[in-house]
>>> print(open('my_file.cif').read())   # mmCIF, C-alpha atoms
data_run
#
loop_
_atom_site.group_PDB
_atom_site.id
_atom_site.type_symbol
_atom_site.label_atom_id
_atom_site.label_comp_id
_atom_site.auth_asym_id
_atom_site.auth_seq_id
_atom_site.Cartn_x
_atom_site.Cartn_y
_atom_site.Cartn_z
ATOM 1 C CA MET A 122 14.403 -11.166 -18.361
ATOM 2 C CA SER A 123 13.529 -14.062 -20.639
ATOM 3 C CA GLU A 124 10.815 -16.513 -19.793
ATOM 4 C CA THR A 125 11.528 -20.020 -18.587
ATOM 5 C CA LEU A 126 8.766 -22.597 -18.453
ATOM 6 C CA GLN A 127 9.463 -25.805 -16.614
ATOM 7 C CA THR A 128 7.553 -28.911 -15.815
ATOM 8 C CA THR A 129 7.782 -29.936 -12.206
ATOM 9 C CA ASP A 130 9.602 -33.226 -12.589
ATOM 10 C CA ALA A 131 12.814 -31.659 -11.271
ATOM 11 C CA ALA A 132 13.930 -32.660 -7.802
ATOM 12 C CA PHE A 133 13.541 -30.295 -4.870
ATOM 13 C CA PRO A 134 15.563 -30.132 -1.664
ATOM 14 C CA ALA A 135 14.642 -33.131 0.442
ATOM 15 C CA THR A 136 12.722 -32.691 3.649
ATOM 16 C CA ASP A 137 13.968 -34.280 6.852
ATOM 17 C CA LEU A 138 10.630 -36.085 7.116
ATOM 18 C CA PRO A 139 9.630 -39.129 5.065
ATOM 19 C CA ALA A 140 6.795 -38.472 2.666
ATOM 20 C CA THR A 141 4.271 -40.222 4.866
ATOM 21 C CA ASP A 142 5.119 -37.881 7.743
ATOM 22 C CA LEU A 143 4.570 -34.663 5.823
ATOM 23 C CA PRO A 144 1.785 -32.387 7.087
ATOM 24 C CA ALA A 145 -1.573 -33.289 5.630
ATOM 25 C CA THR A 146 -1.681 -30.075 3.584
ATOM 26 C CA ASP A 147 1.539 -31.080 1.806
ATOM 27 C CA LEU A 148 0.624 -34.616 0.762
ATOM 28 C CA PRO A 149 0.256 -35.239 -2.990
ATOM 29 C CA ALA A 150 -3.193 -34.080 -4.035
ATOM 30 C CA THR A 151 -3.661 -34.945 -7.689
ATOM 31 C CA ASP A 152 -7.203 -36.159 -7.092
ATOM 32 C CA LEU A 153 -8.363 -33.430 -4.747
ATOM 33 C CA PRO A 154 -11.421 -31.419 -5.773
ATOM 34 C CA ASP A 155 -10.571 -27.879 -6.783
ATOM 35 C CA ALA A 156 -12.239 -26.422 -3.678
ATOM 36 C CA THR A 157 -9.934 -28.393 -1.393
ATOM 37 C CA LEU A 158 -6.973 -27.574 -3.597
ATOM 38 C CA LEU A 159 -7.828 -23.877 -3.203
ATOM 39 C CA ASP A 160 -7.754 -24.181 0.587
ATOM 40 C CA ARG A 161 -4.367 -25.874 0.547
ATOM 41 C CA THR A 162 -2.999 -23.352 -1.924
ATOM 42 C CA ALA A 163 -4.103 -20.609 0.475
ATOM 43 C CA ASP A 164 -2.169 -22.308 3.290
ATOM 44 C CA ALA A 165 0.992 -22.287 1.181
ATOM 45 C CA VAL A 166 0.555 -18.655 0.123
ATOM 46 C CA ARG A 167 -0.022 -17.528 3.716
ATOM 47 C CA ALA A 168 3.130 -19.357 4.823
ATOM 48 C CA ALA A 169 5.147 -17.571 2.138
ATOM 49 C CA GLY A 170 3.579 -14.267 3.152
ATOM 50 C CA ALA A 171 4.587 -14.795 6.764
ATOM 51 C CA ALA A 172 8.202 -15.282 5.687
ATOM 52 C CA LEU A 173 8.132 -12.053 3.675
ATOM 53 C CA ARG A 174 6.502 -10.185 6.541
ATOM 54 C CA GLU A 175 9.506 -11.057 8.692
ATOM 55 C CA ARG A 176 11.723 -9.294 6.132
ATOM 56 C CA PHE A 177 9.554 -6.148 6.011
ATOM 57 C CA GLY A 178 10.119 -2.900 7.865
ATOM 58 C CA GLU A 179 13.278 -1.020 6.960
ATOM 59 C CA VAL A 180 13.858 0.631 3.593
ATOM 60 C CA VAL A 181 16.332 -1.423 1.582
ATOM 61 C CA ARG A 182 18.883 0.924 0.009
ATOM 62 C CA TYR A 183 20.437 0.202 -3.374
ATOM 63 C CA ARG A 184 22.858 2.210 -5.502
ATOM 64 C CA SER A 185 22.624 0.415 -8.829
ATOM 65 C CA ARG A 186 20.256 -1.642 -10.947
ATOM 66 C CA GLU A 187 22.284 -4.711 -9.998
ATOM 67 C CA GLU A 188 21.794 -4.095 -6.279
ATOM 68 C CA LEU A 189 18.076 -3.522 -6.849
ATOM 69 C CA MET A 190 17.716 -6.777 -8.765
ATOM 70 C CA SER A 191 19.607 -8.641 -6.058
ATOM 71 C CA ALA A 192 17.303 -7.283 -3.345
ATOM 72 C CA LEU A 193 14.199 -8.162 -5.370
ATOM 73 C CA ALA A 194 15.523 -11.669 -5.973
ATOM 74 C CA ALA A 195 16.171 -12.193 -2.269
ATOM 75 C CA ASN A 196 12.491 -11.547 -1.511
ATOM 76 C CA ASP A 197 11.368 -13.751 -4.391
ATOM 77 C CA ASP A 198 13.595 -16.601 -3.283
ATOM 78 C CA THR A 199 12.348 -16.376 0.307
ATOM 79 C CA ALA A 200 8.769 -16.917 -0.823
ATOM 80 C CA LEU A 201 9.569 -19.412 -3.576
ATOM 81 C CA ASP A 202 11.477 -21.643 -1.170
ATOM 82 C CA ILE A 203 8.118 -22.182 0.520
ATOM 83 C CA LEU A 204 5.733 -21.983 -2.423
ATOM 84 C CA ARG A 205 7.382 -24.137 -5.011
ATOM 85 C CA PRO A 206 7.767 -27.400 -3.063
ATOM 86 C CA ARG A 207 4.337 -27.089 -1.423
ATOM 87 C CA LEU A 208 2.478 -26.283 -4.635
ATOM 88 C CA THR A 209 4.387 -28.955 -6.516
ATOM 89 C CA ARG A 210 3.322 -31.560 -3.985
ATOM 90 C CA LEU A 211 -0.251 -30.393 -4.428
ATOM 91 C CA ARG A 212 -0.116 -30.692 -8.227
ATOM 92 C CA PRO A 213 2.954 -32.746 -9.227
ATOM 93 C CA GLY A 214 2.066 -32.776 -12.919
ATOM 94 C CA ALA A 215 1.581 -29.018 -13.272
ATOM 95 C CA GLY A 216 4.179 -26.879 -14.991
ATOM 96 C CA TRP A 217 5.784 -23.899 -13.337
ATOM 97 C CA VAL A 218 6.247 -20.415 -14.786
ATOM 98 C CA GLU A 219 9.696 -19.270 -13.710
ATOM 99 C CA ASP A 220 9.426 -15.640 -14.851
ATOM 100 C CA GLU A 221 6.565 -13.733 -13.242
ATOM 101 C CA LEU A 222 7.217 -10.766 -15.546
ATOM 102 C CA ASP A 223 6.436 -12.563 -18.797
ATOM 103 C CA GLY A 224 3.151 -12.636 -20.680
ATOM 104 C CA GLY A 225 1.471 -14.544 -23.488
ATOM 105 C CA ALA A 226 -0.362 -17.830 -23.763
ATOM 106 C CA LEU A 227 0.872 -20.931 -21.948
ATOM 107 C CA PRO A 228 1.188 -24.422 -23.399
ATOM 108 C CA ALA A 229 -1.753 -26.757 -22.855
ATOM 109 C CA GLY A 230 -2.227 -28.405 -19.488
ATOM 110 C CA GLU A 231 -1.934 -27.174 -15.925
ATOM 111 C CA TRP A 232 0.499 -24.469 -14.842
ATOM 112 C CA TRP A 233 1.230 -22.682 -11.597
ATOM 113 C CA VAL A 234 1.500 -18.933 -12.215
ATOM 114 C CA VAL A 235 3.004 -17.436 -9.077
ATOM 115 C CA ASP A 236 4.129 -13.973 -8.084
ATOM 116 C CA PRO A 237 6.094 -14.583 -4.883
ATOM 117 C CA ALA A 238 6.238 -10.887 -4.028
ATOM 118 C CA GLU A 239 3.750 -8.871 -6.071
ATOM 119 C CA GLY A 240 4.681 -5.237 -5.541
ATOM 120 C CA ASN A 241 8.192 -6.320 -4.522
ATOM 121 C CA VAL A 242 9.656 -2.841 -4.948
ATOM 122 C CA ASN A 243 7.070 -1.513 -2.483
ATOM 123 C CA HIS A 244 8.233 -4.113 0.031
ATOM 124 C CA LEU A 245 11.816 -2.875 -0.369
ATOM 125 C CA HIS A 246 10.681 0.701 0.253
ATOM 126 C CA ALA A 247 8.700 -0.236 3.373
ATOM 127 C CA LEU A 248 5.420 0.574 1.603
ATOM 128 C CA PRO A 249 2.428 -1.614 2.470
ATOM 129 C CA GLU A 250 1.114 -2.375 -1.040
ATOM 130 C CA TRP A 251 2.449 -5.856 -1.745
ATOM 131 C CA ALA A 252 1.103 -9.385 -1.775
ATOM 132 C CA VAL A 253 1.813 -13.033 -2.507
ATOM 133 C CA THR A 254 -0.220 -14.693 -5.260
ATOM 134 C CA ALA A 255 -0.637 -18.173 -6.712
ATOM 135 C CA THR A 256 -2.950 -19.132 -9.570
ATOM 136 C CA LEU A 257 -3.572 -22.533 -11.099
ATOM 137 C CA VAL A 258 -4.136 -22.234 -14.848
ATOM 138 C CA ARG A 259 -5.702 -25.086 -16.809
ATOM 139 C CA ASP A 260 -5.483 -24.859 -20.607
ATOM 140 C CA ASN A 261 -4.952 -21.089 -20.353
ATOM 141 C CA GLN A 262 -7.947 -20.551 -18.077
ATOM 142 C CA PRO A 263 -7.390 -19.610 -14.421
ATOM 143 C CA VAL A 264 -9.327 -22.077 -12.272
ATOM 144 C CA LEU A 265 -8.323 -20.949 -8.791
ATOM 145 C CA THR A 266 -6.355 -18.123 -7.273
ATOM 146 C CA VAL A 267 -5.144 -16.898 -3.903
ATOM 147 C CA VAL A 268 -3.998 -13.336 -3.162
ATOM 148 C CA HIS A 269 -2.674 -12.818 0.354
ATOM 149 C CA LEU A 270 -1.790 -9.467 1.946
ATOM 150 C CA PRO A 271 0.569 -10.358 4.799
ATOM 151 C CA LEU A 272 0.472 -6.955 6.519
ATOM 152 C CA THR A 273 -3.305 -6.958 6.934
ATOM 153 C CA GLY A 274 -3.773 -10.716 7.033
ATOM 154 C CA GLU A 275 -6.414 -10.517 4.288
ATOM 155 C CA THR A 276 -6.736 -13.377 1.832
ATOM 156 C CA TYR A 277 -8.661 -13.053 -1.422
ATOM 157 C CA THR A 278 -9.674 -16.288 -3.142
ATOM 158 C CA ALA A 279 -11.595 -17.253 -6.250
ATOM 159 C CA LEU A 280 -12.625 -20.563 -7.765
ATOM 160 C CA THR A 281 -14.180 -20.885 -11.201
ATOM 161 C CA GLY A 282 -17.935 -21.153 -10.820
ATOM 162 C CA ALA A 283 -17.850 -20.752 -7.035
ATOM 163 C CA GLY A 284 -17.418 -16.994 -6.610
ATOM 164 C CA ALA A 285 -14.774 -14.718 -5.167
ATOM 165 C CA HIS A 286 -14.230 -14.227 -1.447
ATOM 166 C CA LEU A 287 -12.297 -12.162 1.057
ATOM 167 C CA ASP A 288 -11.576 -14.231 4.153
ATOM 168 C CA GLY A 289 -14.641 -16.314 3.355
ATOM 169 C CA ARG A 290 -16.997 -13.387 2.695
ATOM 170 C CA PRO A 291 -18.478 -13.176 -0.835
ATOM 171 C CA LEU A 292 -17.235 -10.349 -3.035
ATOM 172 C CA HIS A 293 -19.354 -8.347 -5.492
ATOM 173 C CA VAL A 294 -18.317 -5.638 -7.928
ATOM 174 C CA SER A 295 -19.850 -2.199 -7.622
ATOM 175 C CA SER A 296 -23.220 -1.165 -9.010
ATOM 176 C CA THR A 297 -21.834 2.126 -10.372
ATOM 177 C CA ALA A 298 -23.416 2.957 -13.729
ATOM 178 C CA ASP A 299 -21.712 6.292 -14.503
ATOM 179 C CA LEU A 300 -17.967 6.373 -15.180
ATOM 180 C CA GLY A 301 -18.011 10.016 -14.115
ATOM 181 C CA LEU A 302 -18.817 8.839 -10.597
ATOM 182 C CA GLY A 303 -16.290 6.013 -10.656
ATOM 183 C CA ILE A 304 -12.848 5.382 -9.194
ATOM 184 C CA VAL A 305 -10.566 3.764 -11.752
ATOM 185 C CA ALA A 306 -6.955 2.674 -11.723
ATOM 186 C CA THR A 307 -4.058 1.551 -13.851
ATOM 187 C CA SER A 308 -0.602 0.270 -13.213
ATOM 188 C CA GLN A 309 2.775 1.472 -14.401
ATOM 189 C CA ALA A 310 4.432 0.157 -17.548
ATOM 190 C CA ARG A 311 7.031 -2.502 -16.819
ATOM 191 C CA PRO A 312 10.727 -1.554 -16.709
ATOM 192 C CA ASP A 313 12.237 -1.471 -20.203
ATOM 193 C CA GLU A 314 8.758 -1.483 -21.756
ATOM 194 C CA ASP A 315 8.418 -0.495 -25.415
ATOM 195 C CA GLU A 316 8.167 3.296 -25.848
ATOM 196 C CA GLU A 317 4.872 3.017 -27.720
ATOM 197 C CA VAL A 318 3.309 1.161 -24.781
ATOM 198 C CA VAL A 319 4.603 3.753 -22.313
ATOM 199 C CA ARG A 320 3.079 6.568 -24.362
ATOM 200 C CA ARG A 321 -0.183 4.648 -24.672
ATOM 201 C CA VAL A 322 -0.316 4.301 -20.884
ATOM 202 C CA GLY A 323 0.162 8.051 -20.531
ATOM 203 C CA SER A 324 -2.532 8.949 -23.054
ATOM 204 C CA SER A 325 -5.003 6.545 -21.462
ATOM 205 C CA ILE A 326 -4.475 8.155 -18.055
ATOM 206 C CA THR A 327 -5.160 11.540 -19.611
ATOM 207 C CA ALA A 328 -8.367 10.252 -21.192
ATOM 208 C CA MET A 329 -9.562 8.787 -17.913
ATOM 209 C CA LEU A 330 -8.774 12.011 -16.061
ATOM 210 C CA PHE A 331 -11.397 13.672 -18.268
ATOM 211 C CA ASP A 332 -14.027 10.960 -17.891
ATOM 212 C CA ALA A 333 -13.714 9.345 -14.440
ATOM 213 C CA LEU A 334 -14.133 10.813 -10.961
ATOM 214 C CA VAL A 335 -10.762 9.636 -9.598
ATOM 215 C CA VAL A 336 -7.815 8.013 -11.390
ATOM 216 C CA ARG A 337 -5.250 6.054 -9.394
ATOM 217 C CA THR A 338 -1.885 4.961 -10.788
ATOM 218 C CA ALA A 339 0.281 2.621 -8.776
ATOM 219 C CA VAL A 340 1.680 -0.887 -8.568
ATOM 220 C CA PRO A 341 0.856 -3.684 -8.128
ATOM 221 C CA ALA A 342 -1.992 -4.440 -10.506
ATOM 222 C CA THR A 343 -3.405 -7.291 -8.442
ATOM 223 C CA LEU A 344 -4.326 -5.045 -5.518
ATOM 224 C CA HIS A 345 -6.285 -2.725 -7.813
ATOM 225 C CA LEU A 346 -8.104 -5.743 -9.231
ATOM 226 C CA ALA A 347 -8.901 -7.014 -5.757
ATOM 227 C CA ASN A 348 -10.468 -3.624 -5.052
ATOM 228 C CA VAL A 349 -12.561 -3.865 -8.223
ATOM 229 C CA ALA A 350 -13.730 -7.323 -7.178
ATOM 230 C CA ALA A 351 -14.620 -5.988 -3.719
ATOM 231 C CA GLY A 352 -16.641 -3.082 -5.173
ATOM 232 C CA ARG A 353 -14.295 -0.425 -3.753
ATOM 233 C CA MET A 354 -13.188 0.646 -7.220
ATOM 234 C CA ASP A 355 -14.997 0.490 -10.521
ATOM 235 C CA ALA A 356 -12.456 -0.306 -13.236
ATOM 236 C CA PHE A 357 -8.832 -1.204 -13.860
ATOM 237 C CA TRP A 358 -6.985 -1.201 -17.171
ATOM 238 C CA GLN A 359 -3.478 -1.987 -18.307
ATOM 239 C CA PHE A 360 -1.499 -2.192 -21.535
ATOM 240 C CA ALA A 361 0.774 -5.197 -22.022
ATOM 241 C CA GLY A 362 1.299 -6.709 -18.580
ATOM 242 C CA ALA A 363 2.454 -10.031 -17.212
ATOM 243 C CA ARG A 364 0.345 -13.118 -16.594
ATOM 244 C CA ALA A 365 1.144 -13.029 -12.878
ATOM 245 C CA ASP A 366 -0.105 -9.413 -12.748
ATOM 246 C CA LEU A 367 -3.437 -10.096 -14.406
ATOM 247 C CA LEU A 368 -4.582 -13.712 -14.022
ATOM 248 C CA PRO A 369 -5.329 -13.577 -10.268
ATOM 249 C CA GLY A 370 -7.346 -10.388 -10.554
ATOM 250 C CA ALA A 371 -9.077 -11.493 -13.741
ATOM 251 C CA LEU A 372 -10.519 -14.494 -11.932
ATOM 252 C CA LEU A 373 -11.397 -12.468 -8.822
ATOM 253 C CA VAL A 374 -13.270 -9.849 -10.843
ATOM 254 C CA THR A 375 -15.033 -12.387 -13.063
ATOM 255 C CA GLU A 376 -16.226 -14.433 -10.100
ATOM 256 C CA ALA A 377 -17.342 -11.242 -8.321
ATOM 257 C CA GLY A 378 -19.628 -10.403 -11.256
ATOM 258 C CA GLY A 379 -17.395 -8.041 -13.214
ATOM 259 C CA ARG A 380 -16.535 -7.933 -16.901
ATOM 260 C CA ILE A 381 -13.116 -8.718 -18.400
ATOM 261 C CA SER A 382 -12.003 -7.719 -21.903
ATOM 262 C CA ASP A 383 -9.184 -5.999 -23.690
ATOM 263 C CA ALA A 384 -9.242 -2.194 -23.844
ATOM 264 C CA GLN A 385 -11.309 -2.304 -27.044
ATOM 265 C CA GLY A 386 -13.961 -4.548 -25.501
ATOM 266 C CA ARG A 387 -12.829 -7.759 -27.220
ATOM 267 C CA PRO A 388 -12.403 -11.034 -25.303
ATOM 268 C CA TRP A 389 -9.225 -11.025 -23.214
ATOM 269 C CA THR A 390 -6.652 -13.809 -23.245
ATOM 270 C CA PRO A 391 -3.146 -13.917 -21.698
ATOM 271 C CA GLY A 392 -1.864 -13.056 -25.179
ATOM 272 C CA SER A 393 -3.893 -9.821 -25.488
ATOM 273 C CA GLU A 394 -2.071 -6.498 -25.744
ATOM 274 C CA SER A 395 -4.384 -4.755 -23.266
ATOM 275 C CA PHE A 396 -6.631 -5.576 -20.344
ATOM 276 C CA LEU A 397 -9.773 -4.080 -18.820
ATOM 277 C CA ALA A 398 -11.692 -5.241 -15.747
ATOM 278 C CA ALA A 399 -14.775 -3.270 -14.751
ATOM 279 C CA ALA A 400 -18.128 -3.297 -13.053
ATOM 280 C CA PRO A 401 -20.762 -4.098 -15.710
ATOM 281 C CA GLY A 402 -22.348 -0.652 -15.418
ATOM 282 C CA VAL A 403 -19.199 1.207 -16.497
ATOM 283 C CA HIS A 404 -17.475 -1.334 -18.746
ATOM 284 C CA ALA A 405 -18.779 0.033 -22.057
ATOM 285 C CA GLN A 406 -17.994 3.619 -21.001
ATOM 286 C CA ALA A 407 -14.456 2.613 -20.055
ATOM 287 C CA VAL A 408 -13.990 0.956 -23.460
ATOM 288 C CA THR A 409 -15.117 4.159 -25.171
ATOM 289 C CA THR A 410 -12.669 6.237 -23.120
ATOM 290 C CA LEU A 411 -9.737 3.896 -23.740
ATOM 291 C CA SER A 412 -10.493 3.660 -27.454
ATOM 292 C CA ARG A 413 -10.165 7.385 -28.088
#
>>> encode(input="my_file.cif", output="structure tokens")
Amino acid sequence: MSETLQTTDAAFPATDLPATDLPATDLPATDLPDATLLDRTADAVRAAGAALRERFGEVVRYRSREELMSALAANDDTALDILRPRLTRLRPGAGWVEDELDGGALPAGEWWVVDPAEGNVNHLHALPEWAVTATLVRDNQPVLTVVHLPLTGETYTALTGAGAHLDGRPLHVSSTADLGLGIVATSQARPDEDEEVVRRVGSSITAMLFDALVVRTAVPATLHLANVAAGRMDAFWQFAGARADLLPGALLVTEAGGRISDAQGRPWTPGSESFLAAAPGVHAQAVTTLSR
């Protein structure tokens, strides 16, 4: 799937209400402080999550890649029909990333990076590990993010300089100082990923199996990163990866006191080829393991 970046000047389906009658959370908010913008973003993400929760329960069967893609798109569209107009009204001048699977740096300015159904395939299989995420990126730096888990009702939020929270409670990464006592995780390579990346993922899992206490491998990445931010897990790494996979968790972990880098310990950007988020006490050990 190729990436499409759009500014948000395009028209959206009209509401039956005049603009002055829209709910207060949907009024244009170009001058809102970021803290208020975060709250209103959370409202939009929860509304999208509620719509996806209504679609959850039975396993969705598919017999071909085309049927799978159609089922995934139906979930995406359900959430996007709510997210896109509400977030656009909050930040009319922000661009919009159409393809949640793409990576790399964004153009300058503000952009909404949204994954309308993170862990979408889990949703189709009636597995509970899925979420709705929205992140506002300003000049390639995430400034606020919301990660909502509709099945539990939990909402993770982070705002640059103001910490990370779970339903209003501050989050802190773990104090683990020995990777051998740590729980670590990685995600799966994307479909149609380059063979070299797939093999690198496999070798990194093997290395961590020798050095860490427990290694978890599953999708989606954002839920692992939320667990790192909450101190339940100690490190997460990934090779390649999409912006929508990594930006929400990168901000959560950073604001919870964790360290973010690439797998070699260099500064991470959305254009990096690898990603590592860890509690400070195990970050250097994780770099050593992943660099073997």
>>> resolve_selection(input="my_file.cif", expression="the PyMOL selection byres ((chain A and resi 352-363) around 8)", output="PyMOL selection string")
chain A and resi 221-225+292-297+303-308+310-311+318+321-322+345-346+348-351+364-367+384+393-400+403-404+407
>>> atom_distance(input="my_file.cif", atom1="CA of Gly378 in chain A", atom2="CA of Pro401 in chain A")
7.8 Å
>>> closest_residue(input="my_file.cif", among="A:Ala165, A:Leu248, A:Leu302, A:Leu344", to="Val235 in chain A", atoms="all atoms listed in the file")
A:Ala165
>>> axis_aligned_box(input="my_file.cif", around="range 267-279 of chain A", padding_each_side="5 Å", output="AutoDock Vina command-line options")
--center_x -5.5 --center_y -12.1 --center_z 0.4 --size_x 22.2 --size_y 20.3 --size_z 23.3
>>> atom_distance(input="my_file.cif", atom1="CA of Leu204 in chain A", atom2="CA of Val267 in chain A")
12.1 Å
>>> closest_residue(input="my_file.cif", among="A:Leu368, A:Ala229, A:Ile203, A:Ala279", to="Ala342 in chain A", atoms="all atoms listed in the file")
A:Leu368
>>> atom_distance(input="my_file.cif", atom1="CA of Trp251 in chain A", atom2="CA of Ala172 in chain A")
13.3 Å
>>> closest_atom_pairs(input="my_file.cif", of="range 246-340 of chain A", to="range 174-185 of chain A", cutoff="9 Å", atoms="all atoms listed in the file", output="tab-separated table")
residue	atom	partner	partner_atom	distance
A:His246	CA	A:Val180	CA	4.6
A:Ala247	CA	A:Val180	CA	5.2
A:Leu248	CA	A:Gly178	CA	8.6
A:Pro271	CA	A:Arg174	CA	6.2
A:Leu272	CA	A:Arg174	CA	6.8
>>> decode(input="my_file.cif", residues="range 172-184 of chain A", atoms="N, CA and C atoms", output="mmCIF file, in the first residue's frame")
data_model
loop_
_atom_site.group_PDB
_atom_site.id
_atom_site.type_symbol
_atom_site.label_atom_id
_atom_site.label_comp_id
_atom_site.auth_asym_id
_atom_site.auth_seq_id
_atom_site.Cartn_x
_atom_site.Cartn_y
_atom_site.Cartn_z
ATOM 1 N N ALA A 172 -17.599 2.639 18.572
ATOM 2 C CA ALA A 172 -18.150 2.127 17.314
ATOM 3 C C ALA A 172 -17.505 0.801 16.933
ATOM 4 N N LEU A 173 -16.203 0.668 17.154
ATOM 5 C CA LEU A 173 -15.534 -0.598 16.854
ATOM 6 C C LEU A 173 -15.932 -1.692 17.841
ATOM 7 N N ARG A 174 -16.176 -1.318 19.069
ATOM 8 C CA ARG A 174 -16.603 -2.306 20.063
ATOM 9 C C ARG A 174 -17.929 -2.939 19.657
ATOM 10 N N GLU A 175 -18.799 -2.168 19.049
ATOM 11 C CA GLU A 175 -20.079 -2.694 18.587
ATOM 12 C C GLU A 175 -19.904 -3.740 17.491
ATOM 13 N N ARG A 176 -18.791 -3.686 16.775
ATOM 14 C CA ARG A 176 -18.521 -4.631 15.689
ATOM 15 C C ARG A 176 -17.750 -5.857 16.161
ATOM 16 N N PHE A 177 -17.373 -5.890 17.445
ATOM 17 C CA PHE A 177 -16.490 -6.939 17.962
ATOM 18 C C PHE A 177 -17.292 -8.087 18.556
ATOM 19 N N GLY A 178 -16.775 -9.305 18.377
ATOM 20 C CA GLY A 178 -17.384 -10.447 19.057
ATOM 21 C C GLY A 178 -17.224 -11.747 18.307
ATOM 22 N N GLU A 179 -17.714 -11.802 17.087
ATOM 23 C CA GLU A 179 -17.620 -13.021 16.290
ATOM 24 C C GLU A 179 -16.372 -12.988 15.413
ATOM 25 N N VAL A 180 -15.771 -14.153 15.202
ATOM 26 C CA VAL A 180 -14.636 -14.248 14.292
ATOM 27 C C VAL A 180 -15.116 -13.961 12.869
ATOM 28 N N VAL A 181 -14.412 -13.071 12.201
ATOM 29 C CA VAL A 181 -14.735 -12.742 10.812
ATOM 30 C C VAL A 181 -13.954 -13.682 9.906
ATOM 31 N N ARG A 182 -14.644 -14.498 9.136
ATOM 32 C CA ARG A 182 -13.992 -15.476 8.270
ATOM 33 C C ARG A 182 -13.661 -14.856 6.913
ATOM 34 N N TYR A 183 -12.513 -15.215 6.374
ATOM 35 C CA TYR A 183 -12.134 -14.750 5.045
ATOM 36 C C TYR A 183 -11.385 -15.882 4.345
ATOM 37 N N ARG A 184 -11.549 -15.947 3.043
ATOM 38 C CA ARG A 184 -10.965 -17.043 2.254
ATOM 39 C C ARG A 184 -9.901 -16.586 1.280
#
